[in-house]
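One structure below.
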Amino acid sequence: MANGIFETLMLVGETLIYPGAVFSFIVAIFTQWFRRKAYARMQNRMGPTYTGLAGTLQPFADYVKLFFKEDIVIIRGYAKLPAFLLALAIGALIAILLMLPISPYSVYAPYDIIVAAYLLIWPTLTLAALGFLTPSPYGALGSSRLLTLTIAYEVAFLISILTPVVLANRILGAQYSLYLSSIYSWLLWTNPVLIPLIIISLLTALISLQCKLLEKPFDIPEAEQEIVAGPFTEYSGPKLAFIIFIHDIEQYVNSLIIVFLFLGGVAPFVEGPLWAQILVVAIKYIVVVLVLTWIKAMVARFRVDQAIKMLWKYIVPLSLFALIVSTVI
Amino acid sequence: MSLLMVVLETAVSMFIVTLLAYGLYLYSVKVTKSFSRKTREKVLIYACGEDITEKEALLADRHLFTTIWNEVFKPLYDSLRGKVHTGILNDWFFWMFLALIIAYTIIIVLGGVSG
């Protein structure tokens with residue numbers, strides 16, 4: 001009985017504080033600041049400067065400003081449904097954090113990768129639904145583009161993250177669990193035969209994640225010169241704050257999955273002190289965010305057909321190749 | 001821990017955060033209500049300065065994602081169309097026969113038709 005109450009309290013505490021809502025908000029602010037600063041420096045600009053030390057509190061100021069702005073609902077637009085969908089997407093992303101090793105009381109079971117994959121698709125579907133919930137041509141076009149891309153990049157991302165999960169199961173008995181695969185994934189780097197497979201799936205995961213985050217060259221659904229802000233055109237105030245928060249937290253969660261599944265998580269400090277483990281995960285996380293920002297700064301936007309051709313012609317077959325080889329090797 | 005428990009615990013976690021986020025949204029709406037001014041222009045559909053009716057804001061199906069798929073996979077259709085529509089009846093029969101064999105194979109692999 002006491003054990004059950006303790007577990008429930010732990011679950012609620014984790015959901016609300018660490019690694020849940022509060023911690024995610026702090027990391028989202030840091031991630032947005034870092035991305036904006038790095039992106040600006042790559043373009044020979046200063047980036048956020050004034051609010052907080054080196055502009056670190058600028059994203060926080062932006063969130064507060066948007067949160068206390070009027071929520072404008074246009075004619076025939078829905079007021080509360082989009083907000084509820086956005087809240088659900090935030091909930092789905094935070095629930096995934098409980099399945100990763102950063103959580104003190106991790107939630108895991110055999111085959112839980114299915115649950116993780118299901119939760120990972122929530123934000124995409126929410127963002128796509130937003131465009132169809134307002135009578136706006138830009139919203140509908142943006143959502144249409146987003147759904148078109150979804151069919152390509154979600155497949156590629158899922159197949160990419162399945163490769164280390166399958167390898168960890170076949171070689172280390174991780175039982176298709178996200179948590180166990182994350183714990184043992186560093187051992188995959190000790191086998192020279194598996195390294196090419198991990199590298200291929202890491203590359204495909206990074207590119208499909210770039211598409212999932214709607215960053216250049218895949219920012220087609222919100223191409224501002226063509227369709228203003230796509231699905232988000234008619235949203236303002238707290239809803240826009242939620243949309244930006246979902247973007248930041250999606251980057252945080254997916255980058256963390258890449259850190260644990262592909263980059264070995266806490267390795268080389270598997271047996272090391274806690275501070276060293278935290279430091280190494282933070283460094284790997286920053287490297288992933290930096291690589292994604294670097295791609296964003298380096299390339300121009302694809303057309304939607306070019307993006308789909310690239311994803312289906314190269315990224316999906318490559319990730320599928322790595323997955324098939326990992327099942328027979 | 002079983003998979004069902006994982007589903008339940010993640011669902012509980014999702015539910016708690018959803019309530020929190022939605023509560024924050026409702027709080028924001030309540031706070032901003034006092035100083036927000038409703039004007040006609042604010043609630044009109046944004047169309048880069050153009051006057052647009054609700055009907056015009058709706059898109060025809062041809063602008064939605066099916067078109068993109070058709071465009072991307074056009075080379076596949078084009079090559080198939082060239083092979084099927086040669087004007088020779090035998091060619092047409094061959095492709096139809098092939099389609100029939102594929103359909104029968106799928107039905108047999110899936111366990112046939114009962115009843």
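As shown in the structure tokens, the chain order sets the letters A, B, ...; within each chain, residues go from 1, and ligands are also counted from 1 in the order they appear.
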Restrict the distance test to only C-alpha atoms, flag each residue of chain B within 8 Å of chain A, and return the flagged residues as a PDB file with C-alpha atoms, in the first residue's frame.
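New file out-v4.pdb:
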ATOM      1  CA  MET B   1       6.567  -3.822 -15.244  1.00  0.00           C
ATOM      2  CA  SER B   2       4.101  -4.894 -17.942  1.00  0.00           C
ATOM      3  CA  LEU B   3       3.412  -3.030 -21.179  1.00  0.00           C
ATOM      4  CA  VAL B   6       3.682   1.556 -19.187  1.00  0.00           C
ATOM      5  CA  VAL B   7       0.650   2.604 -21.213  1.00  0.00           C
ATOM      6  CA  GLU B   9       1.575   5.436 -16.417  1.00  0.00           C
ATOM      7  CA  THR B  10       2.410   7.406 -19.569  1.00  0.00           C
ATOM      8  CA  ALA B  11      -1.314   8.096 -20.022  1.00  0.00           C
ATOM      9  CA  SER B  13       1.507  11.552 -16.985  1.00  0.00           C
ATOM     10  CA  MET B  14       0.090  12.866 -20.270  1.00  0.00           C
ATOM     11  CA  PHE B  15      -3.232  13.592 -18.587  1.00  0.00           C
ATOM     12  CA  ILE B  16      -1.612  15.555 -15.731  1.00  0.00           C
ATOM     13  CA  VAL B  17       0.463  17.717 -18.092  1.00  0.00           C
ATOM     14  CA  THR B  18      -2.521  18.248 -20.386  1.00  0.00           C
ATOM     15  CA  LEU B  19      -4.598  19.486 -17.450  1.00  0.00           C
ATOM     16  CA  ALA B  21      -1.193  23.238 -19.812  1.00  0.00           C
ATOM     17  CA  TYR B  22      -4.898  23.667 -20.517  1.00  0.00           C
ATOM     18  CA  TYR B  25      -4.319  28.534 -21.214  1.00  0.00           C
ATOM     19  CA  SER B  28      -4.178  33.362 -19.735  1.00  0.00           C
ATOM     20  CA  VAL B  29      -7.522  33.907 -21.464  1.00  0.00           C
ATOM     21  CA  VAL B  31      -6.262  37.513 -17.468  1.00  0.00           C
ATOM     22  CA  THR B  32      -6.072  38.970 -20.980  1.00  0.00           C
ATOM     23  CA  LYS B  33      -9.859  39.360 -21.274  1.00  0.00           C
ATOM     24  CA  SER B  36      -8.217  42.949 -24.920  1.00  0.00           C
ATOM     25  CA  LYS B  42      -8.883  41.285 -35.738  1.00  0.00           C
ATOM     26  CA  VAL B  43     -11.221  38.397 -36.374  1.00  0.00           C
ATOM     27  CA  LEU B  44     -11.160  38.516 -40.161  1.00  0.00           C
ATOM     28  CA  ILE B  45      -9.335  35.803 -42.063  1.00  0.00           C
ATOM     29  CA  TYR B  46      -5.755  36.890 -42.751  1.00  0.00           C
ATOM     30  CA  ALA B  47      -5.062  37.015 -46.479  1.00  0.00           C
ATOM     31  CA  GLU B  54     -15.109  32.361 -45.893  1.00  0.00           C
ATOM     32  CA  ALA B  57     -10.714  30.631 -47.701  1.00  0.00           C
ATOM     33  CA  LEU B  58     -11.586  26.976 -48.211  1.00  0.00           C
ATOM     34  CA  LEU B  59      -9.289  25.056 -50.491  1.00  0.00           C
ATOM     35  CA  HIS B  63      -4.553  21.835 -53.658  1.00  0.00           C
ATOM     36  CA  LEU B  64      -4.194  19.335 -50.876  1.00  0.00           C
ATOM     37  CA  PHE B  65      -1.645  16.619 -50.413  1.00  0.00           C
ATOM     38  CA  ILE B  68       1.867  16.444 -54.288  1.00  0.00           C
ATOM     39  CA  TRP B  69       1.914  12.662 -54.217  1.00  0.00           C
ATOM     40  CA  GLU B  71       3.406  14.906 -58.903  1.00  0.00           C
ATOM     41  CA  VAL B  72       6.173  13.099 -57.037  1.00  0.00           C
TER      42      VAL B  72
END
Please, which residues of stretch 5-102 of chain B, numbered as in this document, come out alpha helix (DSSP H) from DSSP, as a PyMOL selection string?
-> chain B and resi 5-33+54-57+65-72+74-84+89-102
Got a sec: who's within 12 Å of stretch 266-269 of chain A, counting only C-alpha atoms, leaving out chain neighbours fewer than 3 positions off, as a ChimeraX atom specification?
-> /A:101-102,182-190,256,259-263,272-285
Using only N, CA and C atoms, please write the residues we just selected to a file, as a PDB file, in the first residue's frame.
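For reference, part.pdb as written:
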ATOM      1  N   PRO A 101      16.362   7.131 -19.607  1.00  0.00           N
ATOM      2  CA  PRO A 101      17.158   6.959 -18.375  1.00  0.00           C
ATOM      3  C   PRO A 101      17.378   8.243 -17.576  1.00  0.00           C
ATOM      4  N   ILE A 102      17.015   9.418 -18.094  1.00  0.00           N
ATOM      5  CA  ILE A 102      17.182  10.629 -17.270  1.00  0.00           C
ATOM      6  C   ILE A 102      16.164  10.661 -16.129  1.00  0.00           C
ATOM      7  N   SER A 182      18.446   2.256 -24.356  1.00  0.00           N
ATOM      8  CA  SER A 182      19.222   3.466 -24.062  1.00  0.00           C
ATOM      9  C   SER A 182      20.364   3.170 -23.096  1.00  0.00           C
ATOM     10  N   ILE A 183      20.093   2.275 -22.142  1.00  0.00           N
ATOM     11  CA  ILE A 183      21.120   1.922 -21.145  1.00  0.00           C
ATOM     12  C   ILE A 183      22.289   1.168 -21.809  1.00  0.00           C
ATOM     13  N   TYR A 184      21.929   0.213 -22.711  1.00  0.00           N
ATOM     14  CA  TYR A 184      22.966  -0.668 -23.270  1.00  0.00           C
ATOM     15  C   TYR A 184      23.538  -0.191 -24.601  1.00  0.00           C
ATOM     16  N   SER A 185      22.989   0.878 -25.167  1.00  0.00           N
ATOM     17  CA  SER A 185      23.361   1.240 -26.539  1.00  0.00           C
ATOM     18  C   SER A 185      24.852   1.523 -26.708  1.00  0.00           C
ATOM     19  N   TRP A 186      25.527   1.990 -25.655  1.00  0.00           N
ATOM     20  CA  TRP A 186      26.957   2.292 -25.778  1.00  0.00           C
ATOM     21  C   TRP A 186      27.772   1.046 -26.112  1.00  0.00           C
ATOM     22  N   LEU A 187      27.250  -0.148 -25.699  1.00  0.00           N
ATOM     23  CA  LEU A 187      27.978  -1.392 -25.982  1.00  0.00           C
ATOM     24  C   LEU A 187      28.009  -1.702 -27.480  1.00  0.00           C
ATOM     25  N   LEU A 188      27.027  -1.151 -28.222  1.00  0.00           N
ATOM     26  CA  LEU A 188      26.990  -1.402 -29.669  1.00  0.00           C
ATOM     27  C   LEU A 188      28.217  -0.798 -30.354  1.00  0.00           C
ATOM     28  N   TRP A 189      28.739   0.294 -29.767  1.00  0.00           N
ATOM     29  CA  TRP A 189      29.913   0.953 -30.360  1.00  0.00           C
ATOM     30  C   TRP A 189      31.196   0.149 -30.145  1.00  0.00           C
ATOM     31  N   THR A 190      31.134  -0.880 -29.283  1.00  0.00           N
ATOM     32  CA  THR A 190      32.339  -1.683 -29.034  1.00  0.00           C
ATOM     33  C   THR A 190      32.486  -2.796 -30.078  1.00  0.00           C
ATOM     34  N   LEU A 256      17.373  14.043 -27.198  1.00  0.00           N
ATOM     35  CA  LEU A 256      17.744  13.178 -26.076  1.00  0.00           C
ATOM     36  C   LEU A 256      17.649  11.693 -26.465  1.00  0.00           C
ATOM     37  N   VAL A 259      20.696  11.015 -28.368  1.00  0.00           N
ATOM     38  CA  VAL A 259      21.854  10.917 -27.468  1.00  0.00           C
ATOM     39  C   VAL A 259      21.902   9.536 -26.816  1.00  0.00           C
ATOM     40  N   PHE A 260      20.775   9.052 -26.349  1.00  0.00           N
ATOM     41  CA  PHE A 260      20.783   7.782 -25.626  1.00  0.00           C
ATOM     42  C   PHE A 260      20.857   6.569 -26.551  1.00  0.00           C
ATOM     43  N   LEU A 261      20.147   6.615 -27.691  1.00  0.00           N
ATOM     44  CA  LEU A 261      20.116   5.426 -28.542  1.00  0.00           C
ATOM     45  C   LEU A 261      21.335   5.323 -29.465  1.00  0.00           C
ATOM     46  N   PHE A 262      21.813   6.470 -29.942  1.00  0.00           N
ATOM     47  CA  PHE A 262      22.877   6.421 -30.953  1.00  0.00           C
ATOM     48  C   PHE A 262      24.242   6.831 -30.408  1.00  0.00           C
ATOM     49  N   LEU A 263      24.265   7.762 -29.461  1.00  0.00           N
ATOM     50  CA  LEU A 263      25.557   8.300 -29.015  1.00  0.00           C
ATOM     51  C   LEU A 263      26.020   7.716 -27.682  1.00  0.00           C
ATOM     52  N   GLY A 272      30.871   5.901 -13.786  1.00  0.00           N
ATOM     53  CA  GLY A 272      31.456   7.109 -13.204  1.00  0.00           C
ATOM     54  C   GLY A 272      30.512   7.838 -12.260  1.00  0.00           C
ATOM     55  N   PRO A 273      30.968   8.963 -11.685  1.00  0.00           N
ATOM     56  CA  PRO A 273      30.112   9.735 -10.770  1.00  0.00           C
ATOM     57  C   PRO A 273      28.945  10.383 -11.515  1.00  0.00           C
ATOM     58  N   LEU A 274      27.910  10.739 -10.752  1.00  0.00           N
ATOM     59  CA  LEU A 274      26.687  11.272 -11.361  1.00  0.00           C
ATOM     60  C   LEU A 274      26.942  12.577 -12.126  1.00  0.00           C
ATOM     61  N   TRP A 275      27.787  13.460 -11.543  1.00  0.00           N
ATOM     62  CA  TRP A 275      28.020  14.751 -12.200  1.00  0.00           C
ATOM     63  C   TRP A 275      28.671  14.561 -13.579  1.00  0.00           C
ATOM     64  N   ALA A 276      29.566  13.540 -13.658  1.00  0.00           N
ATOM     65  CA  ALA A 276      30.226  13.279 -14.945  1.00  0.00           C
ATOM     66  C   ALA A 276      29.212  12.760 -15.962  1.00  0.00           C
ATOM     67  N   GLN A 277      28.284  11.924 -15.495  1.00  0.00           N
ATOM     68  CA  GLN A 277      27.248  11.381 -16.397  1.00  0.00           C
ATOM     69  C   GLN A 277      26.342  12.497 -16.908  1.00  0.00           C
ATOM     70  N   ILE A 278      25.949  13.397 -15.984  1.00  0.00           N
ATOM     71  CA  ILE A 278      25.090  14.528 -16.389  1.00  0.00           C
ATOM     72  C   ILE A 278      25.823  15.408 -17.395  1.00  0.00           C
ATOM     73  N   LEU A 279      27.092  15.665 -17.099  1.00  0.00           N
ATOM     74  CA  LEU A 279      27.897  16.530 -17.969  1.00  0.00           C
ATOM     75  C   LEU A 279      28.028  15.935 -19.368  1.00  0.00           C
ATOM     76  N   VAL A 280      28.296  14.632 -19.443  1.00  0.00           N
ATOM     77  CA  VAL A 280      28.517  14.020 -20.757  1.00  0.00           C
ATOM     78  C   VAL A 280      27.207  13.983 -21.576  1.00  0.00           C
ATOM     79  N   VAL A 281      26.094  13.731 -20.894  1.00  0.00           N
ATOM     80  CA  VAL A 281      24.803  13.756 -21.616  1.00  0.00           C
ATOM     81  C   VAL A 281      24.507  15.178 -22.118  1.00  0.00           C
ATOM     82  N   ALA A 282      24.797  16.176 -21.253  1.00  0.00           N
ATOM     83  CA  ALA A 282      24.558  17.575 -21.652  1.00  0.00           C
ATOM     84  C   ALA A 282      25.423  17.957 -22.852  1.00  0.00           C
ATOM     85  N   ILE A 283      26.679  17.532 -22.837  1.00  0.00           N
ATOM     86  CA  ILE A 283      27.577  17.862 -23.964  1.00  0.00           C
ATOM     87  C   ILE A 283      27.079  17.205 -25.247  1.00  0.00           C
ATOM     88  N   LYS A 284      26.698  15.933 -25.148  1.00  0.00           N
ATOM     89  CA  LYS A 284      26.203  15.231 -26.344  1.00  0.00           C
ATOM     90  C   LYS A 284      24.918  15.882 -26.857  1.00  0.00           C
ATOM     91  N   TYR A 285      24.067  16.292 -25.925  1.00  0.00           N
ATOM     92  CA  TYR A 285      22.812  16.958 -26.307  1.00  0.00           C
ATOM     93  C   TYR A 285      23.109  18.250 -27.063  1.00  0.00           C
TER      94      TYR A 285
END
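Between atom CA of A:Leu133 and atom CA of A:Gly230 lies a distance of 12.2 Å.
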One decimal, Å: what's the distance from atom CA of A:Pro123 over to atom CA of A:Ile243, could you say?
->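 Atom-to-atom, atom CA of A:Pro123 and atom CA of A:Ile243 are spaced 9.5 Å apart.
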In Å, how far is it from atom CA of A:Phe218 to atom CA of A:Phe302?
->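 Answer for the atom CA of A:Phe218 to atom CA of A:Phe302 separation: 6.2 Å.
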Excluding stretch 44-50 of chain A and residues on its chain fewer than 6 positions from it, collect all residues at most 10 Å away from it, counting only C-alpha atoms, and give them as an MDAnalysis selection string.
-> chainID A and resid 33:38 56:59
Pick from A:Ala223, A:Ile121, A:Val22, A:Ile286 nearest to A:Arg303, counting only C-alpha atoms =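 Nearest candidate to A:Arg303 out of A:Ala223, A:Ile121, A:Val22, A:Ile286: A:Ala223.
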